[in-house]
$ cat work39.txt   # compact mmCIF, N, CA and C atoms
# COMPACT_ATOMS: atom_id res chain seq x y z
N MET A 1393 101.62 135.54 74.53
CA MET A 1393 101.03 134.52 73.68
C MET A 1393 100.73 133.23 74.45
N PRO A 1394 101.69 132.68 75.22
CA PRO A 1394 101.35 131.46 75.98
C PRO A 1394 100.20 131.68 76.96
N ARG A 1395 100.12 132.88 77.53
CA ARG A 1395 99.02 133.18 78.46
C ARG A 1395 97.68 133.17 77.72
N ASN A 1396 97.64 133.69 76.50
CA ASN A 1396 96.40 133.68 75.72
C ASN A 1396 95.97 132.26 75.38
N ILE A 1397 96.93 131.43 75.04
CA ILE A 1397 96.61 130.03 74.73
C ILE A 1397 96.07 129.34 75.97
N TRP A 1398 96.74 129.55 77.12
CA TRP A 1398 96.29 128.96 78.38
C TRP A 1398 94.86 129.41 78.71
N ASP A 1399 94.58 130.69 78.59
CA ASP A 1399 93.24 131.20 78.88
C ASP A 1399 92.20 130.62 77.93
N PHE A 1400 92.56 130.45 76.67
CA PHE A 1400 91.65 129.86 75.68
C PHE A 1400 91.22 128.46 76.09
N TYR A 1401 92.20 127.62 76.44
CA TYR A 1401 91.88 126.25 76.83
C TYR A 1401 91.16 126.19 78.18
N LEU A 1402 91.58 127.03 79.12
CA LEU A 1402 90.94 127.06 80.43
C LEU A 1402 89.47 127.46 80.30
N GLN A 1403 89.18 128.44 79.51
CA GLN A 1403 87.79 128.86 79.31
C GLN A 1403 87.00 127.75 78.61
N GLY A 1404 87.62 127.06 77.68
CA GLY A 1404 86.94 125.96 77.00
C GLY A 1404 86.61 124.82 77.95
N PHE A 1405 87.52 124.47 78.84
CA PHE A 1405 87.25 123.40 79.79
C PHE A 1405 86.19 123.81 80.82
N ARG A 1406 86.19 125.06 81.19
CA ARG A 1406 85.19 125.52 82.16
C ARG A 1406 83.78 125.51 81.57
N ASN A 1407 83.67 125.74 80.27
CA ASN A 1407 82.37 125.83 79.63
C ASN A 1407 81.88 124.50 79.05
N GLN A 1408 82.54 123.42 79.41
CA GLN A 1408 82.12 122.12 78.89
C GLN A 1408 80.81 121.66 79.53
N SER A 1409 80.11 120.83 78.77
CA SER A 1409 78.89 120.24 79.32
C SER A 1409 79.26 119.04 80.19
N LYS A 1410 78.28 118.53 80.91
CA LYS A 1410 78.52 117.37 81.78
C LYS A 1410 78.98 116.18 80.95
N TRP A 1411 78.40 116.00 79.79
CA TRP A 1411 78.76 114.89 78.91
C TRP A 1411 80.22 114.98 78.47
N SER A 1412 80.68 116.17 78.15
CA SER A 1412 82.07 116.37 77.73
C SER A 1412 83.04 116.05 78.85
N ARG A 1413 82.70 116.42 80.07
CA ARG A 1413 83.57 116.11 81.21
C ARG A 1413 83.65 114.61 81.45
N GLN A 1414 82.56 113.91 81.23
CA GLN A 1414 82.57 112.46 81.39
C GLN A 1414 83.46 111.81 80.32
N VAL A 1415 83.43 112.34 79.13
CA VAL A 1415 84.29 111.82 78.06
C VAL A 1415 85.76 112.05 78.42
N TRP A 1416 86.10 113.22 78.93
CA TRP A 1416 87.48 113.48 79.34
C TRP A 1416 87.90 112.57 80.48
N LEU A 1417 87.00 112.29 81.40
CA LEU A 1417 87.30 111.37 82.50
C LEU A 1417 87.60 109.98 81.95
N ILE A 1418 86.84 109.52 81.00
CA ILE A 1418 87.09 108.21 80.38
C ILE A 1418 88.44 108.21 79.68
N ILE A 1419 88.77 109.29 78.99
CA ILE A 1419 90.07 109.38 78.31
C ILE A 1419 91.21 109.32 79.31
N VAL A 1420 91.11 110.04 80.41
CA VAL A 1420 92.17 110.05 81.43
C VAL A 1420 92.32 108.67 82.06
N ILE A 1421 91.21 108.01 82.37
CA ILE A 1421 91.27 106.66 82.94
C ILE A 1421 91.91 105.69 81.95
N LYS A 1422 91.55 105.79 80.69
CA LYS A 1422 92.12 104.92 79.67
C LYS A 1422 93.63 105.14 79.53
N LEU A 1423 94.08 106.39 79.53
CA LEU A 1423 95.51 106.67 79.46
C LEU A 1423 96.25 106.13 80.68
N PHE A 1424 95.64 106.26 81.85
CA PHE A 1424 96.26 105.72 83.06
C PHE A 1424 96.43 104.21 82.94
N ILE A 1425 95.41 103.53 82.48
CA ILE A 1425 95.50 102.08 82.31
C ILE A 1425 96.57 101.72 81.29
N MET A 1426 96.61 102.42 80.19
CA MET A 1426 97.57 102.09 79.13
C MET A 1426 99.01 102.32 79.58
N PHE A 1427 99.28 103.43 80.23
CA PHE A 1427 100.66 103.77 80.52
C PHE A 1427 101.18 103.27 81.86
N PHE A 1428 100.33 103.01 82.82
CA PHE A 1428 100.82 102.58 84.13
C PHE A 1428 100.51 101.12 84.41
N ILE A 1429 99.28 100.72 84.27
CA ILE A 1429 98.90 99.35 84.62
C ILE A 1429 99.51 98.36 83.62
N LEU A 1430 99.32 98.58 82.33
CA LEU A 1430 99.85 97.65 81.33
C LEU A 1430 101.37 97.60 81.34
N LYS A 1431 102.01 98.74 81.58
CA LYS A 1431 103.47 98.76 81.62
C LYS A 1431 104.00 97.90 82.75
N MET A 1432 103.36 97.94 83.89
CA MET A 1432 103.83 97.15 85.02
C MET A 1432 103.75 95.66 84.75
N PHE A 1433 102.69 95.21 84.08
CA PHE A 1433 102.48 93.78 83.90
C PHE A 1433 103.08 93.22 82.62
N PHE A 1434 103.06 93.98 81.54
CA PHE A 1434 103.49 93.44 80.25
C PHE A 1434 104.85 93.93 79.79
N PHE A 1435 105.38 94.96 80.40
CA PHE A 1435 106.67 95.49 79.98
C PHE A 1435 107.59 95.67 81.19
N PRO A 1436 108.03 94.56 81.78
CA PRO A 1436 108.91 94.70 82.95
C PRO A 1436 110.25 95.29 82.54
N ASN A 1437 110.96 95.81 83.51
CA ASN A 1437 112.25 96.41 83.24
C ASN A 1437 113.29 95.30 83.09
N PHE A 1438 113.55 94.92 81.86
CA PHE A 1438 114.42 93.79 81.54
C PHE A 1438 115.84 93.99 82.08
N LEU A 1439 116.39 95.17 81.91
CA LEU A 1439 117.78 95.40 82.32
C LEU A 1439 117.95 95.33 83.83
N ASN A 1440 116.98 95.81 84.59
CA ASN A 1440 117.10 95.76 86.04
C ASN A 1440 116.97 94.35 86.58
N THR A 1441 116.22 93.51 85.91
CA THR A 1441 116.05 92.14 86.40
C THR A 1441 117.20 91.24 86.01
N LYS A 1442 117.87 91.55 84.90
CA LYS A 1442 118.92 90.66 84.41
C LYS A 1442 120.32 91.07 84.87
N TYR A 1443 120.55 92.36 85.06
CA TYR A 1443 121.88 92.86 85.39
C TYR A 1443 121.88 93.60 86.72
N ASP A 1444 123.00 93.50 87.43
CA ASP A 1444 123.06 94.04 88.79
C ASP A 1444 123.51 95.50 88.87
N ASN A 1445 124.34 95.94 87.94
CA ASN A 1445 124.83 97.32 88.06
C ASN A 1445 124.76 98.03 86.71
N ASP A 1446 125.03 99.32 86.75
CA ASP A 1446 124.92 100.15 85.54
C ASP A 1446 125.94 99.77 84.47
N GLN A 1447 127.10 99.37 84.89
CA GLN A 1447 128.14 99.00 83.92
C GLN A 1447 127.71 97.78 83.10
N GLU A 1448 127.15 96.77 83.74
CA GLU A 1448 126.68 95.58 83.02
C GLU A 1448 125.53 95.94 82.08
N ARG A 1449 124.64 96.79 82.55
CA ARG A 1449 123.51 97.21 81.70
C ARG A 1449 124.02 97.98 80.48
N SER A 1450 124.96 98.87 80.71
CA SER A 1450 125.48 99.65 79.60
C SER A 1450 126.24 98.77 78.61
N ASP A 1451 126.99 97.80 79.09
CA ASP A 1451 127.69 96.88 78.20
C ASP A 1451 126.71 96.07 77.35
N TYR A 1452 125.64 95.64 77.96
CA TYR A 1452 124.63 94.88 77.22
C TYR A 1452 123.99 95.73 76.12
N VAL A 1453 123.62 96.97 76.45
CA VAL A 1453 122.98 97.85 75.47
C VAL A 1453 123.94 98.15 74.33
N ILE A 1454 125.18 98.45 74.63
CA ILE A 1454 126.17 98.73 73.58
C ILE A 1454 126.37 97.51 72.69
N ASP A 1455 126.43 96.34 73.30
CA ASP A 1455 126.60 95.10 72.54
C ASP A 1455 125.40 94.87 71.61
N GLN A 1456 124.19 95.12 72.10
CA GLN A 1456 122.99 94.93 71.28
C GLN A 1456 122.91 95.94 70.14
N LEU A 1457 123.37 97.15 70.38
CA LEU A 1457 123.33 98.16 69.33
C LEU A 1457 124.39 97.93 68.25
N THR A 1458 125.55 97.43 68.65
CA THR A 1458 126.64 97.25 67.69
C THR A 1458 126.67 95.85 67.06
N ASN A 1459 126.19 94.84 67.79
CA ASN A 1459 126.19 93.47 67.27
C ASN A 1459 124.83 92.80 67.49
N PRO A 1460 123.79 93.28 66.83
CA PRO A 1460 122.47 92.67 67.06
C PRO A 1460 122.43 91.25 66.51
N LYS A 1461 121.67 90.41 67.14
CA LYS A 1461 121.51 89.04 66.67
C LYS A 1461 120.67 89.05 65.39
N ASN A 1462 120.99 88.17 64.50
CA ASN A 1462 120.22 88.04 63.28
C ASN A 1462 119.08 87.09 63.53
N HIS A 1463 117.86 87.56 63.33
CA HIS A 1463 116.67 86.72 63.55
C HIS A 1463 116.15 86.21 62.24
$ encode --input "work39.txt" --output "structure tokens"
Amino acid sequence: MPRNIWDFYLQGFRNQSKWSRQVWLIIVIKLFIMFFILKMFFFPNFLNTKYDNDQERSDYVIDQLTNPKNH
């Protein structure tokens, strides 16, 4: 069954028109920008920048989960 599904999609991608391939290329570029470029600039790794070791990071996460600040 998984082989049949794989063959179905593979045949579909091989039979695409030039326009369809360009659309897929745009989708892949957009996903790359969303998940890699934006993550690097807008979502820095907060725990690695604020805490030096795993124990401090784990203590912070446990504290936030059990005693969240009231906003």
$ select_by_dssp --input "work39.txt" --residues "chain A" --states "helix (DSSP H, G or I)" --output "number ranges by chain"
A: 1394-1406, 1410-1434, 1438-1442, 1446-1458
$ atom_distance --input "work39.txt" --atom1 "atom CA of A:Gln1408" --atom2 "atom N of A:Val1420"
15.1 Å
$ axis_aligned_box --input "work39.txt" --around "stretch 1407-1420 of chain A" --padding-each-side "6 Å" --output "JSON"
{"center_x": 85.3, "center_y": 117.0, "center_z": 80.1, "size_x": 26.0, "size_y": 29.6, "size_z": 16.8}
$ atom_distance --input "work39.txt" --atom1 "atom CA of A:Val1453" --atom2 "atom CA of A:Leu1439"
8.9 Å
$ atom_distance --input "work39.txt" --atom1 "atom CA of A:Phe1434" --atom2 "atom CA of A:Ile1419"
20.9 Å
